[in-house]
$ cat entry_32.cif   # mmCIF, C-alpha atoms and all ligand atoms
data_start
#
loop_
_atom_site.label_atom_id
_atom_site.label_comp_id
_atom_site.auth_asym_id
_atom_site.auth_seq_id
_atom_site.Cartn_x
_atom_site.Cartn_y
_atom_site.Cartn_z
CA MET A 1 -30.30 -14.40 27.50
CA ALA A 2 -28.61 -13.25 30.69
CA LYS A 3 -25.29 -14.92 31.47
CA THR A 4 -24.98 -16.83 34.71
CA THR A 5 -21.84 -16.26 36.71
CA PRO A 6 -19.70 -19.40 36.63
CA LEU A 7 -18.32 -20.91 39.83
CA SER A 8 -14.79 -20.47 38.61
CA ILE A 9 -13.22 -17.96 36.26
CA GLN A 10 -9.92 -17.05 34.84
CA LYS A 11 -9.67 -13.35 35.56
CA THR A 12 -8.08 -11.16 32.95
CA ILE A 13 -5.23 -9.34 34.70
CA HIS A 14 -3.64 -6.25 33.19
CA PRO A 15 0.19 -6.41 33.23
CA ASN A 16 0.22 -3.39 35.57
CA ALA A 17 -1.91 -5.30 38.08
CA GLN A 18 0.36 -8.32 37.75
CA ASN A 19 3.33 -6.02 38.44
CA LEU A 20 1.57 -4.68 41.51
CA LEU A 21 1.00 -8.22 42.76
CA ASN A 22 4.69 -9.04 42.18
CA LYS A 23 5.71 -5.88 44.01
CA ILE A 24 3.45 -6.78 46.96
CA GLN A 25 5.00 -10.26 47.05
CA LYS A 26 8.45 -8.68 47.41
CA ILE A 27 7.60 -6.34 50.30
CA PRO A 28 7.88 -8.92 53.14
CA LYS A 29 11.52 -9.56 52.17
CA LYS A 30 12.23 -5.99 53.32
CA GLY A 31 9.61 -5.57 56.03
CA TYR A 32 6.09 -4.24 55.84
CA ALA A 33 4.58 -1.12 54.31
CA PHE A 34 2.83 1.49 56.45
CA GLY A 35 -0.59 2.49 55.17
CA HIS A 36 -3.13 5.14 56.10
CA GLN A 37 -6.73 5.58 55.00
CA ASP A 38 -7.51 8.93 53.34
CA ALA A 39 -3.95 10.04 54.19
CA THR A 40 -3.79 12.84 51.65
CA ALA A 41 -7.49 13.76 51.52
CA TYR A 42 -7.69 15.35 54.98
CA GLY A 43 -6.28 15.17 58.46
CA ILE A 44 -6.73 16.71 61.84
CA GLY A 45 -7.50 20.39 61.26
CA TRP A 46 -7.18 20.41 57.45
CA LYS A 47 -8.90 19.24 54.31
CA ASN A 48 -7.36 18.98 50.85
CA SER A 49 -9.09 21.30 48.42
CA GLY A 50 -7.16 20.08 45.43
CA ASP A 51 -3.74 21.57 44.99
CA ILE A 52 -1.67 20.04 47.80
CA PHE A 53 -0.07 16.68 48.51
CA LYS A 54 -0.06 16.58 52.27
CA SER A 55 -0.66 14.02 55.02
CA ASP A 56 -0.67 14.10 58.82
CA VAL A 57 1.95 11.35 58.68
CA TYR A 58 4.21 13.52 56.48
CA GLU A 59 3.89 16.40 58.94
CA VAL A 60 5.25 14.12 61.68
CA VAL A 61 7.99 12.13 59.89
CA GLY A 62 8.72 13.86 56.56
CA ASP A 63 7.47 11.02 54.38
CA HIS A 64 4.02 9.84 53.31
CA PRO A 65 2.51 6.40 53.89
CA ALA A 66 3.47 3.70 51.38
CA VAL A 67 -0.09 2.40 51.13
CA HIS A 68 -2.90 4.87 50.47
CA GLY A 69 -6.40 3.69 51.32
CA PHE A 70 -9.43 5.39 49.76
CA GLU A 71 -13.13 4.82 50.25
CA ILE A 72 -15.64 4.71 47.39
CA GLY A 73 -18.88 4.46 49.39
CA HIS A 74 -21.63 6.40 47.52
CA ILE A 75 -19.96 6.04 44.13
CA GLU A 76 -22.78 3.54 43.58
CA LEU A 77 -25.32 6.35 43.91
CA GLY A 78 -23.61 8.47 41.28
CA ASN A 79 -22.69 11.08 43.91
CA THR A 80 -19.84 13.56 43.51
CA HIS A 81 -18.57 12.95 47.07
CA ASN A 82 -18.09 9.78 49.10
CA LEU A 83 -19.86 9.09 52.38
CA ASP A 84 -17.08 10.90 54.24
CA THR A 85 -17.37 14.02 52.01
CA VAL A 86 -14.27 13.32 49.93
CA ASN A 87 -14.75 14.52 46.36
CA PHE A 88 -14.32 11.66 43.87
CA ALA A 89 -12.52 13.84 41.33
CA LEU A 90 -10.02 14.88 44.01
CA MET A 91 -9.67 11.22 45.01
CA LYS A 92 -8.63 10.36 41.46
CA THR A 93 -5.98 13.10 41.53
CA LEU A 94 -4.66 11.91 44.89
CA ILE A 95 -4.57 8.30 43.67
CA LYS A 96 -2.56 9.39 40.61
CA LYS A 97 -0.11 11.33 42.77
CA ALA A 98 0.40 8.45 45.21
CA HIS A 99 0.83 5.95 42.37
CA GLN A 100 3.31 8.20 40.56
CA ARG A 101 5.51 8.17 43.68
CA GLY A 102 5.43 4.37 43.97
CA GLY A 103 2.56 4.14 46.46
CA ILE A 104 0.07 1.27 46.62
CA ILE A 105 -3.64 2.08 46.41
CA THR A 106 -6.37 0.14 48.19
CA LEU A 107 -10.08 0.90 47.83
CA SER A 108 -12.64 0.05 50.47
CA TRP A 109 -16.36 0.30 49.78
CA HIS A 110 -19.16 1.01 52.23
CA PRO A 111 -22.10 0.93 49.81
CA ASP A 112 -25.58 1.84 51.01
CA ASN A 113 -28.00 -0.98 51.70
CA PRO A 114 -29.60 -1.61 48.29
CA ALA A 115 -32.83 -2.91 49.85
CA SER A 116 -33.43 -0.05 52.29
CA ASN A 117 -31.39 2.74 50.68
CA LYS A 118 -29.94 3.43 54.12
CA SER A 119 -26.28 3.07 55.04
CA SER A 120 -23.91 0.08 55.03
CA TRP A 121 -24.72 -0.36 58.70
CA HIS A 122 -28.45 -0.77 58.04
CA THR A 123 -28.82 -4.53 58.08
CA ARG A 124 -32.14 -5.17 56.36
CA LYS A 125 -31.67 -8.34 54.26
CA ALA A 126 -30.29 -7.28 50.90
CA VAL A 127 -27.73 -9.77 49.56
CA LYS A 128 -30.24 -12.34 48.32
CA HIS A 129 -32.15 -9.60 46.50
CA ILE A 130 -29.18 -8.31 44.52
CA LEU A 131 -27.96 -11.69 43.29
CA GLU A 132 -28.86 -12.91 39.80
CA GLY A 133 -32.59 -13.50 39.75
CA GLY A 134 -33.16 -11.20 42.73
CA ARG A 135 -35.49 -8.23 42.63
CA HIS A 136 -32.70 -5.66 43.05
CA HIS A 137 -30.23 -7.31 40.69
CA MET A 138 -30.55 -4.68 37.96
CA LYS A 139 -29.99 -1.96 40.53
CA TYR A 140 -26.84 -3.74 41.74
CA LYS A 141 -25.59 -4.03 38.15
CA THR A 142 -25.98 -0.27 37.81
CA TRP A 143 -24.02 0.20 41.03
CA ILE A 144 -21.21 -2.02 39.79
CA ALA A 145 -21.14 -0.20 36.47
CA ARG A 146 -20.51 3.03 38.41
CA VAL A 147 -17.70 1.37 40.37
CA ALA A 148 -16.22 0.15 37.07
CA TYR A 149 -16.45 3.62 35.52
CA PHE A 150 -14.57 5.13 38.46
CA ILE A 151 -11.82 2.49 38.45
CA LYS A 152 -11.33 2.58 34.68
CA ASP A 153 -10.72 6.30 34.89
CA LEU A 154 -7.69 5.76 37.15
CA LYS A 155 -4.87 6.33 34.69
CA ASP A 156 -1.28 7.52 35.02
CA GLU A 157 0.24 10.52 33.17
CA SER A 158 0.78 8.36 30.09
CA GLY A 159 -2.81 7.16 30.10
CA HIS A 160 -1.97 3.66 31.36
CA PRO A 161 -4.25 2.03 33.94
CA ILE A 162 -3.27 2.48 37.58
CA PRO A 163 -3.48 -0.91 39.30
CA ILE A 164 -5.38 -0.94 42.57
CA ILE A 165 -6.47 -3.31 45.31
CA PHE A 166 -10.25 -3.53 45.76
CA ARG A 167 -11.44 -4.75 49.15
CA PRO A 168 -15.22 -4.92 49.02
CA PHE A 169 -17.59 -6.49 51.55
CA HIS A 170 -15.03 -6.58 54.34
CA GLU A 171 -15.53 -7.74 57.95
CA MET A 172 -18.30 -10.12 56.81
CA ASN A 173 -17.78 -12.35 59.86
CA GLY A 174 -19.03 -9.46 61.98
CA ALA A 175 -22.71 -8.51 62.05
CA TRP A 176 -22.50 -4.74 61.54
CA PHE A 177 -22.81 -4.47 57.73
CA TRP A 178 -25.71 -5.62 55.54
CA TRP A 179 -23.40 -8.20 53.90
CA GLY A 180 -22.29 -9.47 57.31
CA LYS A 181 -22.96 -12.47 59.48
CA GLY A 182 -26.63 -13.23 60.02
CA HIS A 183 -27.82 -10.91 57.22
CA CYS A 184 -26.94 -13.36 54.44
CA SER A 185 -25.80 -16.98 54.35
CA PRO A 186 -22.15 -17.79 53.58
CA GLN A 187 -23.35 -19.20 50.24
CA GLU A 188 -25.11 -15.94 49.39
CA TYR A 189 -22.02 -13.97 50.36
CA VAL A 190 -19.82 -16.14 48.16
CA ARG A 191 -22.21 -15.66 45.26
CA LEU A 192 -22.25 -11.89 45.78
CA TRP A 193 -18.47 -11.80 45.62
CA GLN A 194 -18.29 -14.06 42.57
CA GLU A 195 -20.95 -12.12 40.69
CA THR A 196 -19.23 -8.84 41.54
CA VAL A 197 -15.85 -10.00 40.24
CA PHE A 198 -17.50 -11.51 37.17
CA LEU A 199 -19.37 -8.30 36.38
CA LEU A 200 -16.28 -6.14 36.82
CA ASN A 201 -13.76 -8.37 35.13
CA LYS A 202 -15.71 -10.17 32.41
CA GLU A 203 -18.66 -7.93 31.59
CA LEU A 204 -17.12 -4.52 32.19
CA GLN A 205 -13.50 -5.37 31.32
CA VAL A 206 -12.00 -3.95 34.50
CA ASP A 207 -8.64 -5.71 34.63
CA GLN A 208 -6.48 -3.36 36.70
CA VAL A 209 -7.83 -4.68 40.01
CA LEU A 210 -6.51 -7.12 42.59
CA TYR A 211 -9.13 -8.39 45.04
CA ALA A 212 -8.49 -8.54 48.77
CA TYR A 213 -10.65 -10.71 51.04
CA SER A 214 -10.69 -9.26 54.52
CA PRO A 215 -12.65 -10.69 57.43
CA ASN A 216 -12.51 -9.12 60.85
CA SER A 217 -10.38 -10.83 63.52
CA PHE A 218 -11.32 -14.50 63.79
CA SER A 219 -10.94 -17.46 66.09
CA SER A 220 -10.20 -20.32 63.67
CA LYS A 221 -9.15 -21.03 60.09
CA GLU A 222 -12.63 -22.39 59.55
CA GLU A 223 -14.12 -19.05 60.55
CA TYR A 224 -11.68 -17.19 58.30
CA LEU A 225 -12.63 -19.32 55.28
CA ARG A 226 -16.37 -19.51 55.94
CA TYR A 227 -17.17 -16.77 53.42
CA TYR A 228 -14.19 -17.32 51.11
CA PRO A 229 -15.30 -17.05 47.47
CA GLY A 230 -12.54 -19.22 45.96
CA ASP A 231 -8.99 -18.74 44.75
CA ASP A 232 -10.10 -17.59 41.29
CA PHE A 233 -11.83 -14.58 42.80
CA VAL A 234 -9.22 -13.43 45.34
CA ASP A 235 -5.62 -12.23 45.02
CA ILE A 236 -4.70 -11.06 48.51
CA LEU A 237 -5.74 -12.26 51.96
CA GLY A 238 -6.37 -9.70 54.66
CA VAL A 239 -7.64 -9.29 58.17
CA ASP A 240 -8.93 -6.24 60.04
CA ILE A 241 -7.77 -6.07 63.65
CA TYR A 242 -8.34 -3.05 65.86
CA GLN A 243 -7.34 -2.51 69.45
CA HIS A 244 -10.82 -2.01 70.86
CA TRP A 245 -9.94 -3.04 74.39
CA THR A 246 -6.68 -3.61 76.24
CA THR A 247 -3.19 -3.83 74.82
CA THR A 248 -2.96 -7.40 76.11
CA ASN A 249 -6.10 -8.35 74.27
CA PHE A 250 -4.86 -6.74 71.02
CA ILE A 251 -1.51 -8.52 71.26
CA LYS A 252 -3.27 -11.82 71.84
CA THR A 253 -5.45 -11.35 68.75
CA LEU A 254 -2.49 -10.41 66.53
CA ASN A 255 -0.51 -13.36 67.85
CA SER A 256 -3.26 -15.82 67.15
CA ASN A 257 -4.56 -14.42 63.85
CA LEU A 258 -1.41 -13.54 61.90
CA PRO A 259 0.17 -17.03 62.02
CA LEU A 260 -3.16 -18.59 60.96
CA LEU A 261 -3.47 -16.07 58.14
CA LYS A 262 0.08 -16.90 57.08
CA GLU A 263 -0.68 -20.64 56.99
CA ILE A 264 -3.68 -20.05 54.71
CA ALA A 265 -1.69 -17.63 52.53
CA VAL A 266 1.22 -20.04 52.15
CA GLU A 267 -1.19 -22.83 51.13
CA LYS A 268 -2.72 -20.54 48.53
CA ASP A 269 0.54 -18.85 47.52
CA MET A 270 -0.99 -15.40 48.07
CA PRO A 271 0.34 -12.30 49.82
CA PHE A 272 -1.39 -11.27 53.03
CA ALA A 273 -1.82 -8.05 54.95
CA LEU A 274 -3.28 -6.31 57.96
CA THR A 275 -5.89 -4.60 55.81
CA GLU A 276 -7.21 -2.37 58.64
CA ALA A 277 -5.82 -1.73 62.07
CA GLY A 278 -5.47 0.87 64.74
CA LEU A 279 -6.04 2.15 68.22
CA ASN A 280 -8.46 5.06 68.19
CA LYS A 281 -6.74 8.29 69.32
CA VAL A 282 -3.46 6.32 69.76
CA LYS A 283 -3.74 6.80 73.50
CA VAL A 284 -0.66 4.70 74.34
CA LYS A 285 2.46 6.87 74.00
CA ASP A 286 4.82 4.17 72.68
CA TRP A 287 2.16 2.13 70.88
CA TRP A 288 3.93 2.07 67.48
CA THR A 289 7.26 0.65 68.55
CA GLN A 290 6.34 -1.21 71.74
CA VAL A 291 2.91 -2.67 70.98
CA LEU A 292 2.34 -2.77 67.23
CA ASP A 293 5.75 -3.33 65.69
CA LYS A 294 6.79 -5.91 68.26
CA GLN A 295 3.84 -8.07 67.19
CA ILE A 296 3.77 -7.57 63.44
CA ALA A 297 7.47 -7.36 62.45
CA ASN A 298 8.55 -10.62 60.83
CA THR A 299 5.03 -11.99 60.50
CA GLY A 300 5.19 -11.87 56.70
CA ILE A 301 2.45 -9.27 56.23
CA ALA A 302 2.96 -7.03 53.20
CA TRP A 303 1.37 -3.99 54.80
CA ALA A 304 -0.64 -2.62 57.72
CA LEU A 305 -3.23 0.06 56.97
CA PHE A 306 -4.42 2.39 59.72
CA TRP A 307 -7.85 3.94 59.60
CA ARG A 308 -8.70 7.55 58.88
CA ASN A 309 -7.87 10.74 60.77
CA ALA A 310 -11.45 11.98 60.70
CA ARG A 311 -11.63 14.21 63.77
CA LEU A 312 -10.26 14.50 67.30
CA SER A 313 -12.52 11.73 68.54
CA HIS A 314 -11.82 9.37 65.59
CA TYR A 315 -8.23 9.10 64.33
CA PHE A 316 -5.65 6.32 64.03
CA ALA A 317 -2.41 7.96 62.86
CA PRO A 318 -0.43 10.66 64.65
CA PHE A 319 -0.28 14.34 63.68
CA PRO A 320 2.12 16.99 65.00
CA ASN A 321 2.18 17.06 68.82
CA GLN A 322 -0.12 14.06 69.13
CA LYS A 323 0.68 11.86 72.13
CA SER A 324 2.36 9.09 70.10
CA SER A 325 4.15 11.26 67.51
CA GLU A 326 7.63 10.97 69.08
CA ASP A 327 7.31 7.21 69.15
CA PHE A 328 6.06 7.33 65.57
CA ILE A 329 9.32 9.02 64.54
CA LYS A 330 11.23 6.09 66.07
CA PHE A 331 8.85 3.70 64.33
CA LYS A 332 9.55 5.35 60.98
CA GLN A 333 13.30 4.92 61.57
CA LEU A 334 12.99 1.14 61.91
CA PRO A 335 14.57 -0.24 58.72
CA HIS A 336 11.79 -2.76 58.15
CA VAL A 337 8.95 -0.23 58.32
CA LEU A 338 8.44 1.09 54.80
CA PHE A 339 7.10 4.51 53.87
CA LEU A 340 6.49 6.04 50.44
CA GLU A 341 10.11 6.82 49.56
CA ASP A 342 11.10 3.25 50.39
CA MET A 343 8.70 1.94 47.75
CA GLN A 344 10.94 3.25 44.95
CA GLY A 345 13.40 0.48 45.89
CA ILE A 346 10.81 -2.28 45.46
CA LYS A 347 10.31 -3.06 41.83
C1 LIG A 401 -15.78 3.82 59.45
C2 LIG A 401 -15.82 5.18 60.11
C3 LIG A 401 -16.94 5.96 59.43
C4 LIG A 401 -16.69 6.00 57.91
C5 LIG A 401 -16.44 4.62 57.33
C6 LIG A 401 -16.04 4.66 55.88
O1 LIG A 401 -14.93 2.97 60.10
O2 LIG A 401 -14.59 5.84 59.94
O3 LIG A 401 -16.94 7.27 59.94
O4 LIG A 401 -17.79 6.58 57.27
O5 LIG A 401 -15.45 3.98 58.08
O6 LIG A 401 -14.86 5.39 55.68
#

$ encode --input "entry_32.cif" --output "structure tokens"
Amino acid sequence: MAKTTPLSIQKTIHPNAQNLLNKIQKIPKKGYAFGHQDATAYGIGWKNSGDIFKSDVYEVVGDHPAVHGFEIGHIELGNTHNLDTVNFALMKTLIKKAHQRGGIITLSWHPDNPASNKSSWHTRKAVKHILEGGRHHMKYKTWIARVAYFIKDLKDESGHPIPIIFRPFHEMNGAWFWWGKGHCSPQEYVRLWQETVFLLNKELQVDQVLYAYSPNSFSSKEEYLRYYPGDDFVDILGVDIYQHWTTTNFIKTLNSNLPLLKEIAVEKDMPFALTEAGLNKVKVKDWWTQVLDKQIANTGIAWALFWRNARLSHYFAPFPNQKSSEDFIKFKQLPHVLFLEDMQGIK
């Protein structure tokens, strides 16, 4: 008989994952960690073919990000490359290298729509069909098994599991993904999250994972918690906040969201982070020190992760001679902004 996912669980947590959680808890005492998505996989004008450990950020400041974000979209299909053409075997190598140097790994996931087989952004109703009892449930179980297989293969040089942060089904309070607002009910979303954690942790014995819940920017605590799956199923609270419009608007959002996030995190005794952020093409010369840092220093966030340097029309971190790179050097010199080498001091 098929097991039904309980409404509460006691997750099994590998000691390495517990250590990662402890380390994350300690970061805000020193400042916040700088993160970049796909930092070492590619950058503007280059792509890693396997034998280098390079990042655009390193080329500008001589150190790598402290938090390394990777994307596992299309692992569910059994593909060799993710949706952004990063090879999964290379990703494993880069994760090992970042971990070995004290870096923190976070995984995002933009899975295809299981009902339409189109992308994450195709919003045909799918969540209710992949839940237990739904017509695509078996397919979803296969997808999760592939996610589990990938994560379980993340091991350090001694063969011990590398702990990672998994941040699935993000920005659910926006309407752009199939798991987002309007494409499933909050109850269905909660069930999806609970079943996913249950499958990974209890059925597939994946215990090296911390789970981050990360809505997009929000206007009330109620909105933030609308899709929250419960304390048993979450370890870290996040929020994704981009500067899509003016600097004033961005500052206002940070100033309203981060204190609310902190209140919720303190109540739950969980660390919290700016799980995605950025200004596309960093068009404001002194954005790092004068806009970003001024708003997020001393807010208690453990890290801020900037999105990927995909191409000249879509990048969020500087590279040599980019408009904001001089300011980024000053940003790196701020004692409370932590890069990879600083992580050695946080145990
Ligand atoms: C988005 C964009 C897409 C990408 C996706 C997953 O924000 O960067 O180009 O495919 O993230 O990395």

$ residues_near_ligand --input "entry_32.cif" --ligand "ligand LIG 401 (chain A)" --cutoff "12 Å" --atoms "only C-alpha atoms and all ligand atoms" --output "PyMOL selection string"
chain A and resi 36-39+41+69-74+82-86+107-112+119-121+168+170-171+176-177+240+242+276-278+280+306-311+313-316

$ residues_around --input "entry_32.cif" --residues "A:Tyr58" --least-positions-apart "4" --cutoff "12 Å" --atoms "all atoms listed in the file" --output "short mmCIF file (atom, residue, chain, number, x, y, z; two decimals) with C-alpha atoms, in the frame of the given file"
data_model
loop_
_atom_site.label_atom_id
_atom_site.label_comp_id
_atom_site.auth_asym_id
_atom_site.auth_seq_id
_atom_site.Cartn_x
_atom_site.Cartn_y
_atom_site.Cartn_z
CA HIS A 36 -3.13 5.14 56.10
CA ALA A 39 -3.95 10.04 54.19
CA THR A 40 -3.79 12.84 51.65
CA GLY A 43 -6.28 15.17 58.46
CA PHE A 53 -0.07 16.68 48.51
CA LYS A 54 -0.06 16.58 52.27
CA GLY A 62 8.72 13.86 56.56
CA ASP A 63 7.47 11.02 54.38
CA HIS A 64 4.02 9.84 53.31
CA PRO A 65 2.51 6.40 53.89
CA ALA A 66 3.47 3.70 51.38
CA ALA A 317 -2.41 7.96 62.86
CA PRO A 318 -0.43 10.66 64.65
CA PHE A 319 -0.28 14.34 63.68
CA PRO A 320 2.12 16.99 65.00
CA SER A 325 4.15 11.26 67.51
CA PHE A 328 6.06 7.33 65.57
CA ILE A 329 9.32 9.02 64.54
CA LYS A 332 9.55 5.35 60.98
CA PHE A 339 7.10 4.51 53.87
CA LEU A 340 6.49 6.04 50.44
CA GLU A 341 10.11 6.82 49.56
#

$ residues_around --input "entry_32.cif" --residues "A:Leu192" --least-positions-apart "4" --cutoff "10 Å" --atoms "only C-alpha atoms" --output "list in words"
Val127, Lys128, Ile130, Leu131, Glu132, Phe169, Trp179, Cys184, Pro186, Gln187, Glu188, Thr196, Val197, Phe198 and Pro229 of chain A

$ closest_residue --input "entry_32.cif" --among "A:Thr275, A:Ile162, A:Phe233, A:His183" --to "A:Ser214" --atoms "only C-alpha atoms"
A:Thr275

$ residues_around --input "entry_32.cif" --residues "A:Ala273" --least-positions-apart "3" --cutoff "8 Å" --atoms "all atoms listed in the file" --output "ChimeraX atom specification"
/A:236-239,301-304

$ build_atoms --input "entry_32.cif" --residues "stretch 285-294 of chain A" --atoms "all heavy atoms" --output "PDB file, in the coordinates of the input"
ATOM      1  N   LYS A 285       1.370   6.024  74.498  1.00  0.00           N
ATOM      2  CA  LYS A 285       2.460   6.870  74.000  1.00  0.00           C
ATOM      3  C   LYS A 285       3.445   6.129  73.073  1.00  0.00           C
ATOM      4  O   LYS A 285       3.858   6.656  72.047  1.00  0.00           O
ATOM      5  CB  LYS A 285       3.208   7.408  75.229  1.00  0.00           C
ATOM      6  CG  LYS A 285       3.878   8.738  75.027  1.00  0.00           C
ATOM      7  CD  LYS A 285       4.391   9.271  76.381  1.00  0.00           C
ATOM      8  CE  LYS A 285       4.997  10.639  76.261  1.00  0.00           C
ATOM      9  NZ  LYS A 285       6.158  10.761  75.436  1.00  0.00           N
ATOM     10  N   ASP A 286       3.827   4.916  73.475  1.00  0.00           N
ATOM     11  CA  ASP A 286       4.820   4.170  72.680  1.00  0.00           C
ATOM     12  C   ASP A 286       4.178   2.999  71.929  1.00  0.00           C
ATOM     13  O   ASP A 286       4.791   1.961  71.723  1.00  0.00           O
ATOM     14  CB  ASP A 286       5.960   3.682  73.579  1.00  0.00           C
ATOM     15  CG  ASP A 286       5.424   2.857  74.755  1.00  0.00           C
ATOM     16  OD1 ASP A 286       4.185   2.645  74.844  1.00  0.00           O
ATOM     17  OD2 ASP A 286       6.240   2.409  75.579  1.00  0.00           O
ATOM     18  N   TRP A 287       2.939   3.205  71.526  1.00  0.00           N
ATOM     19  CA  TRP A 287       2.160   2.130  70.880  1.00  0.00           C
ATOM     20  C   TRP A 287       2.824   1.602  69.610  1.00  0.00           C
ATOM     21  O   TRP A 287       2.868   0.390  69.378  1.00  0.00           O
ATOM     22  CB  TRP A 287       0.762   2.671  70.554  1.00  0.00           C
ATOM     23  CG  TRP A 287      -0.225   1.625  70.149  1.00  0.00           C
ATOM     24  CD1 TRP A 287      -0.905   0.767  70.966  1.00  0.00           C
ATOM     25  CD2 TRP A 287      -0.673   1.330  68.809  1.00  0.00           C
ATOM     26  NE1 TRP A 287      -1.739  -0.038  70.228  1.00  0.00           N
ATOM     27  CE2 TRP A 287      -1.625   0.285  68.916  1.00  0.00           C
ATOM     28  CE3 TRP A 287      -0.371   1.844  67.542  1.00  0.00           C
ATOM     29  CZ2 TRP A 287      -2.271  -0.254  67.797  1.00  0.00           C
ATOM     30  CZ3 TRP A 287      -1.018   1.302  66.429  1.00  0.00           C
ATOM     31  CH2 TRP A 287      -1.950   0.284  66.558  1.00  0.00           C
ATOM     32  N   TRP A 288       3.393   2.478  68.784  1.00  0.00           N
ATOM     33  CA  TRP A 288       3.930   2.070  67.480  1.00  0.00           C
ATOM     34  C   TRP A 288       5.109   1.113  67.630  1.00  0.00           C
ATOM     35  O   TRP A 288       5.118   0.037  67.029  1.00  0.00           O
ATOM     36  CB  TRP A 288       4.330   3.295  66.659  1.00  0.00           C
ATOM     37  CG  TRP A 288       3.166   4.202  66.441  1.00  0.00           C
ATOM     38  CD1 TRP A 288       2.879   5.360  67.133  1.00  0.00           C
ATOM     39  CD2 TRP A 288       2.084   4.016  65.525  1.00  0.00           C
ATOM     40  NE1 TRP A 288       1.694   5.889  66.691  1.00  0.00           N
ATOM     41  CE2 TRP A 288       1.188   5.108  65.706  1.00  0.00           C
ATOM     42  CE3 TRP A 288       1.790   3.053  64.559  1.00  0.00           C
ATOM     43  CZ2 TRP A 288       0.012   5.234  64.954  1.00  0.00           C
ATOM     44  CZ3 TRP A 288       0.624   3.187  63.806  1.00  0.00           C
ATOM     45  CH2 TRP A 288      -0.250   4.264  64.014  1.00  0.00           C
ATOM     46  N   THR A 289       6.072   1.505  68.449  1.00  0.00           N
ATOM     47  CA  THR A 289       7.260   0.650  68.550  1.00  0.00           C
ATOM     48  C   THR A 289       7.095  -0.476  69.557  1.00  0.00           C
ATOM     49  O   THR A 289       7.619  -1.566  69.359  1.00  0.00           O
ATOM     50  CB  THR A 289       8.527   1.456  68.934  1.00  0.00           C
ATOM     51  OG1 THR A 289       8.324   2.038  70.233  1.00  0.00           O
ATOM     52  CG2 THR A 289       8.822   2.552  67.918  1.00  0.00           C
ATOM     53  N   GLN A 290       6.372  -0.218  70.661  1.00  0.00           N
ATOM     54  CA  GLN A 290       6.340  -1.210  71.740  1.00  0.00           C
ATOM     55  C   GLN A 290       5.167  -2.176  71.667  1.00  0.00           C
ATOM     56  O   GLN A 290       5.264  -3.284  72.174  1.00  0.00           O
ATOM     57  CB  GLN A 290       6.368  -0.515  73.117  1.00  0.00           C
ATOM     58  CG  GLN A 290       7.592   0.355  73.315  1.00  0.00           C
ATOM     59  CD  GLN A 290       8.896  -0.414  73.047  1.00  0.00           C
ATOM     60  OE1 GLN A 290       9.120  -1.486  73.595  1.00  0.00           O
ATOM     61  NE2 GLN A 290       9.743   0.131  72.166  1.00  0.00           N
ATOM     62  N   VAL A 291       4.065  -1.766  71.078  1.00  0.00           N
ATOM     63  CA  VAL A 291       2.910  -2.670  70.980  1.00  0.00           C
ATOM     64  C   VAL A 291       2.819  -3.224  69.554  1.00  0.00           C
ATOM     65  O   VAL A 291       2.983  -4.417  69.323  1.00  0.00           O
ATOM     66  CB  VAL A 291       1.593  -1.956  71.380  1.00  0.00           C
ATOM     67  CG1 VAL A 291       0.406  -2.910  71.254  1.00  0.00           C
ATOM     68  CG2 VAL A 291       1.693  -1.385  72.794  1.00  0.00           C
ATOM     69  N   LEU A 292       2.595  -2.324  68.603  1.00  0.00           N
ATOM     70  CA  LEU A 292       2.340  -2.770  67.230  1.00  0.00           C
ATOM     71  C   LEU A 292       3.524  -3.488  66.594  1.00  0.00           C
ATOM     72  O   LEU A 292       3.436  -4.660  66.225  1.00  0.00           O
ATOM     73  CB  LEU A 292       1.930  -1.561  66.382  1.00  0.00           C
ATOM     74  CG  LEU A 292       1.674  -1.946  64.941  1.00  0.00           C
ATOM     75  CD1 LEU A 292       0.298  -2.556  64.780  1.00  0.00           C
ATOM     76  CD2 LEU A 292       1.856  -0.768  64.000  1.00  0.00           C
ATOM     77  N   ASP A 293       4.634  -2.748  66.452  1.00  0.00           N
ATOM     78  CA  ASP A 293       5.750  -3.330  65.690  1.00  0.00           C
ATOM     79  C   ASP A 293       6.253  -4.636  66.293  1.00  0.00           C
ATOM     80  O   ASP A 293       6.586  -5.572  65.567  1.00  0.00           O
ATOM     81  CB  ASP A 293       6.903  -2.327  65.548  1.00  0.00           C
ATOM     82  CG  ASP A 293       8.020  -2.925  64.721  1.00  0.00           C
ATOM     83  OD1 ASP A 293       7.808  -3.135  63.509  1.00  0.00           O
ATOM     84  OD2 ASP A 293       9.081  -3.261  65.299  1.00  0.00           O
ATOM     85  N   LYS A 294       6.296  -4.687  67.599  1.00  0.00           N
ATOM     86  CA  LYS A 294       6.790  -5.910  68.260  1.00  0.00           C
ATOM     87  C   LYS A 294       5.953  -7.133  67.850  1.00  0.00           C
ATOM     88  O   LYS A 294       6.464  -8.243  67.830  1.00  0.00           O
ATOM     89  CB  LYS A 294       6.742  -5.734  69.778  1.00  0.00           C
ATOM     90  CG  LYS A 294       7.786  -4.756  70.315  1.00  0.00           C
ATOM     91  CD  LYS A 294       8.567  -5.411  71.444  1.00  0.00           C
ATOM     92  CE  LYS A 294       9.630  -4.549  72.091  1.00  0.00           C
ATOM     93  NZ  LYS A 294      10.293  -3.530  71.309  1.00  0.00           N
TER      94      LYS A 294
END
